[in-house]
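Here the structure is laid out as structure tokens; the discussion comes afterwards.
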Amino acid sequence: MQDIGQIAPDSADRALLGSYLSAGHYAEGVAYCEQAIEADPNAMIYYWYLGLLYLLQEREEEAQAVWMSPMLAVESEAEQHDRALELAAILQMEAQRQATQENYQMAWVLCQYQREFVPLSLEELLWAIAWGIRAESDWWESGLLEQITETLPQFTPWEKSDRLNQIVLQVSEQLLEWNPGDEKTLAFLRSCVTYLSSGNVEPIVIYQWVRLLHQRAGKCYTNSQHTIAAALAQIYVPLAAYDYQTLHNSIDFLKRGDVAARQQSVAVAERCLTLCEDVVSRIVSTQALLAALMGVGGQGQRTQEIFADYKTLLRSVLHPSSDNSSHVAQAEPLVTPQRLLATGGLLFYFEDEPAINRPIRNQIAQIAETELRTIQRETVERYAEHNLERNKSRSLTSQNPKTRLLKIGYLSNSLRQHSVGWLSRWLLMHHDPDRFEVHLYSHAKSNDAIQNTLVKDYGDRFHHMPTNIIEIADQIHADQIDILVELDSLTDLGGCGVVALKPAPIQVHWLGFDASGLPSVDYFIADPYVLPDNAQDYYQETIWRLPQSYIAVNGFEIGTPSRRRDQLDIPDEAIVYLSSQTGLKRNPENVRLQLQILKAVPNSYFLIKSFRADQSLIETFFKEMADAEGVSVDRLRFLPDAPSELGHRANLQLADVVLDTYPYNGATTTLEALWVGLPIVTRVGQQFAARNSYTMLMNTGIHEGIAWNDAEYIEWGIRLGTDAALRQAIACRLWQSRRTAPLWDSQQFTREMEKAYEQMWMGDRVMME
């Protein structure tokens with residue numbers, strides 16, 4: 001060890017002290033500092049390093065004593081402050097060194113001691129949080145993040161600071177990884193918006209920060225953390241005002257959030273429209289705006305006007321004029337073919353004209369699929385070649401099906417607590433493992449009862465997939481799936497994108513949102529009722545009609561009601577009509593019929609529930625409609641969301657009669673109402689969406705409530721509201737139907753689906769030959 005007598009106290013060799021620290025020779029450093037202090041007690045630098053060395057030796061009490069001794073030795077606040085600054089600088093330097101060696105716990109501890117002597121700068125606060133998170137310490141209880149959140153919006157950098165910008169990005173990323181939905185995380189991210197908007201932050205940094213939050217929101221959305229995805233989108237979209245793709249992606253996130261988020265989804269969709277320069281991107285953005293408006297408040301006057309523009313835009317793509325630059329290929333880079341795959345679907349919410357609207361949808365699907373397959377030509381050709389080889393090799397297998405299992409793949413983003421999950425689980429439960437090898441594909445992770453059960457039952461045949469359609473299609477192709485059954489249709493761009501690539505020899509639509517119209521899909525599952533006899537005239541897919549029903553369930557779990565009639569100020573003896581649907585299905589003409597029923601039935605009330613809608617907008621919509629029809633608004637009641645789906649079903653007991661929507665019927669909501677014994681009034685149309693309740697009633701043996709025109713809809717509504725004996729008789733028959741009706745026999749339904757799969761496979765082989 002160097003002799004301290006050879007060194008003047010005011011010029012102590014910091015490099016030597018630093019070498020003790022970097023080499024980990026703490027004991028030698030302690031001895032050096034103690035000798036230096038003995039030689040010159042007034043040389044403060046040695047006290048600071050001695051305490052630091054004690055701390056690194058886990059001698060915290062001694063470290064504190066060594067530091068405090070010279071602090072208390074002077075009375076001047078200015079001198080105490082100077083000494084504190086000198087000590088803090090040494091502690092910060094050592095914290096940085098510890099962090100570079102990934103000793104994050106010690107870096108965090110050093111920051112805590114540093115802040116006892118002097119306030120930390122904004123940058124130091126951010127580094128402390130970064131190290132605390134890495135160390136998995138109790139940083140969230142320190143109050144540092146709250147201090148940063150308060151300071152950052154007030155901080156205006158006089159010049160661009162790359163170090164500060166990078167640590168803001170780093171802490172944002174760490175907090176998103178730690179807990180993106182925690183209020184502390186969200187508060188910090190909100191404070192970043194003001195800082196990033198100061199004018200002294202490079203655009204690339206803002207872009208990186210927005211991208212960071214956008215990607216995390218996408219992951220949360222995929223994993224069914226919709227509230228968190230919406231909250232993140234609300235924070236970053238103000239900084240993405242010119243980024244069309246980010247804004248457009250964020251609309252879906254916002255639509256699943258709270259009222260403020262859903263309202264913001266409308267504003268974001270409107271912003272997207274201002275960025276569009278071609279007709280195809282305008283179609284996609286107009287559809288997004290329509291869906292956002294309908295989601296928050298139904299189909300009001302403004303929505304109807306935008307829908308008229310929407311149809312005009314669709315026609316302009318299908319029949320472009322010579323000077324119209326609307327071709328899909330010219331829509332780049334704003335709109336990808338995968339985006340176009342879902343356009344046209346909103347037609348079915350506004351109009352029951354399948355002979356007109358299905359061909360429109362089919363043509364759009366063909367254009368989008370052609371473009372997508374052109375971009376992914378190598379992948380498509382690889383699938384096609386292998387599918388052909390597999391078809392040929394299986395011709396002998398299909399002659400003797402017992403030689404191997406038929407491989408069925410189900411593709412859905414909704415294999416969870418979602419309508420598709422509730423309805424498909426029974427089929428997935430009853431498949432015959434001696435005849436079929438079933439695989440499930442989903443990019444949505446959800447820790448709920450349905451998905452957990454499926455994961456448990458299917459094990460490694462439940463494939464949690466990324467959102468990339470090529471990776472999903474490659475997995476399906478690698479598993480050598482014979483028949484791919486897509487369950488979401490136009491409600492999921494990923495599913496449409498996958499089937500457009502044709503990774504399986506036979507592809508089928510079931511459930512979802514009607515058929516997609518994609519040429520790569522071979523069949524659409526239906527039954528004798530859900531599509532009219534002439535439907536094949538306007539479907540691209542071959543309609544495969546099951547003998548009884550296209551859906552069957554064994555029932556639904558029911559919880560505890562969250563509301564009683566008296567809590568809604570509804571008399572016990574009143575007649576209660578119920579409409580429980582999303583804002584998308586609120587058609588003004590249908591609502592007018594419902595209000596006419598209400599007006600005609602004395603002592604009746606209309607109980608209205610709209611999932612994920614802006615309650616104030618829904619109330620305004622219905623009250624204005626009621627005023628126009630001469631119905632007192634005092635007879636309207638609005639039912640808030642129940643805490644769970646089980647509670648939602650229990651709340652159905654509040655009603656006497658369900659008034660179905662048109663031209664888009666209920667599906668899961670109809671099944672739930674029938675399961676609890678409620679009569680339903682449904683208007684039967686021509687399109688799939690307008691015949692769901694019809695087929696469900698027919699498959700329970702109930703004909704009462706089936707209306708073929710508006711007059712019959714009103715007539716049945718009045719009759720079921722005034723005839724208590726008829727309501728009771730229907731309820732009894734519905735309870736009895738649980739034992740015998742096809743709608744409640746999922747095992748028989750599974751056998752019929754399995755038979756259909758085998759016939760599809762055999763038919764495909766025959767057609768190939």
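How things are named: the first chain in the structure tokens is A, the next is B, and so on; residues count from 1 in each chain; ligands count from 1 in the order shown.
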List the neighbours of Thr222 in chain A out to 9 Å using only C-alpha atoms; skip same-chain residues closer than 5 positions along the sequence, and give me the result as number ranges by chain.
-> A: 217, 413, 443-446, 467
Residue contacts of Ala384 in chain A (12 Å, only C-alpha atoms) excluding same-chain residues fewer than 6 positions away, as an MDAnalysis selection string | chainID A and resid 373 377:378 390:391 477 500:506 520
As a ChimeraX atom specification, which residues of range 699-729 of chain A does DSSP assign to alpha helix (DSSP H)?
-> /A:710-722,724-729
Excluding Ser250 in chain A and residues on its chain fewer than 5 positions from it, collect all residues at most 9 Å away from it, counting only C-alpha atoms, and give them as an NGL selection string.
-> :A and (214 or 217-218 or 229-230 or 233-234 or 237 or 245 or 255 or 265 or 268)
Close residues, range 590-598 of chain A itself excluded, 6 Å, only C-alpha atoms, min 6 positions apart in chain, as a short mmCIF file (atom, residue, chain, number, x, y, z; two decimals) with N, CA, C and O atoms, in the first residue's frame:
```
data_model
loop_
_atom_site.label_atom_id
_atom_site.label_comp_id
_atom_site.auth_asym_id
_atom_site.auth_seq_id
_atom_site.Cartn_x
_atom_site.Cartn_y
_atom_site.Cartn_z
N TYR A 662 -82.41 -6.12 -35.47
CA TYR A 662 -82.49 -6.40 -36.91
C TYR A 662 -81.93 -5.17 -37.64
O TYR A 662 -82.15 -4.05 -37.19
N ILE A 714 -94.13 -6.27 -34.56
CA ILE A 714 -94.92 -5.50 -33.60
C ILE A 714 -96.03 -6.36 -33.00
O ILE A 714 -96.27 -6.35 -31.79
N GLY A 717 -94.63 -8.78 -30.51
CA GLY A 717 -94.18 -8.06 -29.32
C GLY A 717 -95.33 -7.71 -28.41
O GLY A 717 -95.25 -7.87 -27.18
N ILE A 718 -96.42 -7.23 -29.00
CA ILE A 718 -97.61 -6.88 -28.20
C ILE A 718 -98.23 -8.13 -27.59
O ILE A 718 -98.59 -8.15 -26.40
#
```
For Arg134 in chain A, list every protein, DNA or RNA residue within 8 Å, evaluated using only C-alpha atoms, and leave out those in the same chain fewer than 4 positions away; present the list as a list in words.
-> Tyr104, Gln105 and Ala130 of chain A
What's the 6 Å shell around Gly583 in chain A, counting only C-alpha atoms, without same-chain residues fewer than 3 positions away, as a VMD selection string?
-> chain A and resid 294 to 295 297 to 298 586 610
Would you write out those residues with all heavy atoms, as a PDB file, in the first residue's frame?
```pdb
ATOM      1  N   MET A 294     -70.719   3.626 -34.026  1.00  0.00           N
ATOM      2  CA  MET A 294     -71.760   2.670 -33.656  1.00  0.00           C
ATOM      3  C   MET A 294     -71.478   2.067 -32.294  1.00  0.00           C
ATOM      4  O   MET A 294     -72.400   1.786 -31.519  1.00  0.00           O
ATOM      5  CB  MET A 294     -71.858   1.580 -34.723  1.00  0.00           C
ATOM      6  CG  MET A 294     -72.352   2.092 -36.066  1.00  0.00           C
ATOM      7  SD  MET A 294     -71.970   0.949 -37.418  1.00  0.00           S
ATOM      8  CE  MET A 294     -73.050  -0.428 -37.004  1.00  0.00           C
ATOM      9  N   GLY A 295     -70.196   1.885 -31.980  1.00  0.00           N
ATOM     10  CA  GLY A 295     -69.845   1.296 -30.694  1.00  0.00           C
ATOM     11  C   GLY A 295     -70.198   2.178 -29.524  1.00  0.00           C
ATOM     12  O   GLY A 295     -70.584   1.694 -28.462  1.00  0.00           O
ATOM     13  N   GLY A 297     -72.522   4.811 -29.652  1.00  0.00           N
ATOM     14  CA  GLY A 297     -73.878   5.346 -29.572  1.00  0.00           C
ATOM     15  C   GLY A 297     -74.884   4.809 -30.548  1.00  0.00           C
ATOM     16  O   GLY A 297     -75.944   5.415 -30.737  1.00  0.00           O
ATOM     17  N   GLY A 298     -74.610   3.679 -31.203  1.00  0.00           N
ATOM     18  CA  GLY A 298     -75.588   3.133 -32.127  1.00  0.00           C
ATOM     19  C   GLY A 298     -75.577   3.847 -33.472  1.00  0.00           C
ATOM     20  O   GLY A 298     -74.650   4.598 -33.805  1.00  0.00           O
ATOM     21  N   ARG A 586     -77.599  -1.437 -32.979  1.00  0.00           N
ATOM     22  CA  ARG A 586     -78.726  -0.540 -32.693  1.00  0.00           C
ATOM     23  C   ARG A 586     -79.161   0.177 -33.970  1.00  0.00           C
ATOM     24  O   ARG A 586     -78.655   1.249 -34.301  1.00  0.00           O
ATOM     25  CB  ARG A 586     -78.336   0.473 -31.633  1.00  0.00           C
ATOM     26  CG  ARG A 586     -77.923  -0.133 -30.298  1.00  0.00           C
ATOM     27  CD  ARG A 586     -79.093  -0.786 -29.611  1.00  0.00           C
ATOM     28  NE  ARG A 586     -78.733  -1.240 -28.269  1.00  0.00           N
ATOM     29  CZ  ARG A 586     -79.467  -2.054 -27.550  1.00  0.00           C
ATOM     30  NH1 ARG A 586     -80.611  -2.522 -28.053  1.00  0.00           N
ATOM     31  NH2 ARG A 586     -79.100  -2.420 -26.359  1.00  0.00           N
ATOM     32  N   SER A 610     -76.406  -1.981 -23.389  1.00  0.00           N
ATOM     33  CA  SER A 610     -75.503  -1.898 -24.535  1.00  0.00           C
ATOM     34  C   SER A 610     -74.087  -2.156 -24.055  1.00  0.00           C
ATOM     35  O   SER A 610     -73.543  -1.397 -23.249  1.00  0.00           O
ATOM     36  CB  SER A 610     -75.592  -0.533 -25.207  1.00  0.00           C
ATOM     37  OG  SER A 610     -76.818  -0.386 -25.877  1.00  0.00           O
TER      38      SER A 610
END
```
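Relative to CA of Lys755 in chain A, CA of Gly421 in chain A is found at 22.2 Å.
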In terms of only C-alpha atoms, the residue from A:Gln64, A:Gln363, A:Ser69, A:Ser549 at minimal distance from His319 in chain A is A:Gln363
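The closest residue to Leu427 in chain A, picked from A:Leu196, A:Val553, A:Val521, A:Leu372 and counting only C-alpha atoms, is A:Val553.
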Residue neighbourhood range 22-28 of chain A, 8 Å, only C-alpha atoms, exclusion window fewer than 2 positions, as a ChimeraX atom specification | /A:1,18-20,30-32,53-54,56-57
Generate a file of the selected residues that holds N, CA, C and O atoms, formatted as a CSV table (one decimal), in the first residue's frame.
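This is the output file result.csv:
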```csv
chain,number,residue,atom,x,y,z
A,1,MET,N,0.8,-1.2,0.0
A,1,MET,CA,0.0,0.0,0.0
A,1,MET,C,0.9,1.2,0.0
A,1,MET,O,1.9,1.3,0.7
A,18,GLY,N,-10.0,5.0,-6.7
A,18,GLY,CA,-10.9,4.4,-7.7
A,18,GLY,C,-10.4,3.0,-8.1
A,18,GLY,O,-11.2,2.1,-8.3
A,19,SER,N,-9.1,2.8,-8.1
A,19,SER,CA,-8.6,1.4,-8.4
A,19,SER,C,-8.9,0.4,-7.3
A,19,SER,O,-9.2,-0.8,-7.6
A,20,TYR,N,-9.0,0.9,-6.1
A,20,TYR,CA,-9.4,0.0,-5.0
A,20,TYR,C,-10.9,-0.5,-5.2
A,20,TYR,O,-11.2,-1.6,-5.0
A,30,VAL,N,-10.0,0.7,2.7
A,30,VAL,CA,-10.3,1.2,4.0
A,30,VAL,C,-9.0,1.6,4.8
A,30,VAL,O,-9.0,2.6,5.4
A,31,ALA,N,-8.0,0.7,4.7
A,31,ALA,CA,-6.8,1.0,5.5
A,31,ALA,C,-6.1,2.3,5.0
A,31,ALA,O,-5.6,3.1,5.7
A,32,TYR,N,-6.2,2.5,3.6
A,32,TYR,CA,-5.6,3.7,3.0
A,32,TYR,C,-6.3,4.9,3.5
A,32,TYR,O,-5.6,5.9,3.9
A,53,LEU,N,-16.5,2.7,1.0
A,53,LEU,CA,-15.9,1.4,1.1
A,53,LEU,C,-16.5,0.5,2.2
A,53,LEU,O,-16.7,-0.7,2.1
A,54,TYR,N,-16.8,1.2,3.4
A,54,TYR,CA,-17.6,0.5,4.4
A,54,TYR,C,-18.9,-0.1,3.9
A,54,TYR,O,-19.3,-1.2,4.1
A,56,LEU,N,-19.7,-0.8,0.9
A,56,LEU,CA,-19.5,-1.9,-0.1
A,56,LEU,C,-19.1,-3.2,0.7
A,56,LEU,O,-19.3,-4.3,0.1
A,57,GLN,N,-18.7,-3.0,1.9
A,57,GLN,CA,-18.4,-4.2,2.8
A,57,GLN,C,-19.6,-4.6,3.6
A,57,GLN,O,-19.5,-5.4,4.5
```
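Among the candidates A:Ile90, A:Ala628, A:Ile129, A:Ala39, the residue lying nearest to Trp108 in chain A is A:Ile129 (atoms considered: only C-alpha atoms).
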